[in-house]
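Read through the structure below, which is laid out as structure tokens, and then see the notes.
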Amino acid sequence: MGLVEELWNAGKMPFRDGLYRSDDTGSEVYVEGPGAYHPDAGQPIPFRIGGPFHVAEDIEEHGTAEADTYFESPLPDGTGWLTGGGSGMGNIGHLARLDAGRSLRWVAVMSRSNPFVGVRYEGMHAVFTNDWGNRLTLDLATPALG
């Protein structure tokens, strides 16, 4: 079991924005808002996956945070689960994909997204909603999110 999965099983996650996989690889994640106080609350949340980074060094430098889970939902195709929630002072959100046995596949940490409170599906697209009604859509067929 890797470091990211150990953290997840302990109810924690890395603190810095990123897509952290259970094999301890990671990719930059860019979320440009809108956050809790953005005047366009209720709008789509831009999301982009960037280049790789060294996960162990990242966790050592930035630390960890509690992962408060607000929802858990089975994937439409039965291959696993999606969970989401928040952490910290209310601005941090996270999303995680679990396999059918509920083992972590990845967790995405976003410091400017606000906590996520629900998900609905459009095929293999997951549409997440945060606590201000903002929406983030992810294509779960994308290799990085599979």
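If you're wondering about the labels, chains in the structure tokens are A, B, ... by order shown, residues count from 1 in each chain, ligands from 1 in order shown.
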For this session: Please identify all polymer residues within 8 Å of Leu145 (chain A), counting only C-alpha atoms, omitting same-chain residues fewer than 5 positions from it, and present them as a list in words.
Result: Trp106, Asp139 and Leu140 of chain A
Problem set entry | Who sits within 10 Å of Gly51 (chain A), only C-alpha atoms, same chain under 5 positions skipped, as a ChimeraX atom specification | /A:18,26-29
Exercise. Of the candidates A:Trp81, A:Trp132, A:Phe47, A:Tyr70, which one gets nearest to Gly118 (chain A) if we count only C-alpha atoms?
Worked result: A:Tyr70
Problem set entry | Selection: 8 Å around Phe128 (chain A), only C-alpha atoms, excl. self and same-chain fewer than 4 positions, as a ChimeraX atom specification | /A:116-120,135-137
Problem set entry | Neighbour list for His62 (chain A) as a PyMOL selection string, cut-off 10 Å, only C-alpha atoms, skip fewer than 5 positions in-chain | chain A and resi 14-17+57
For this session: Excluding Ala67 (chain A) and any residue of its chain fewer than 5 positions from it, enumerate the residues within 9 Å of it, using only C-alpha atoms, and give them as a list in words.
Result: Trp8, Gly11, Lys12, Met13, Gly84, Gly85, Gly86, Ser87, Gly88, Gly93 and His94 of chain A
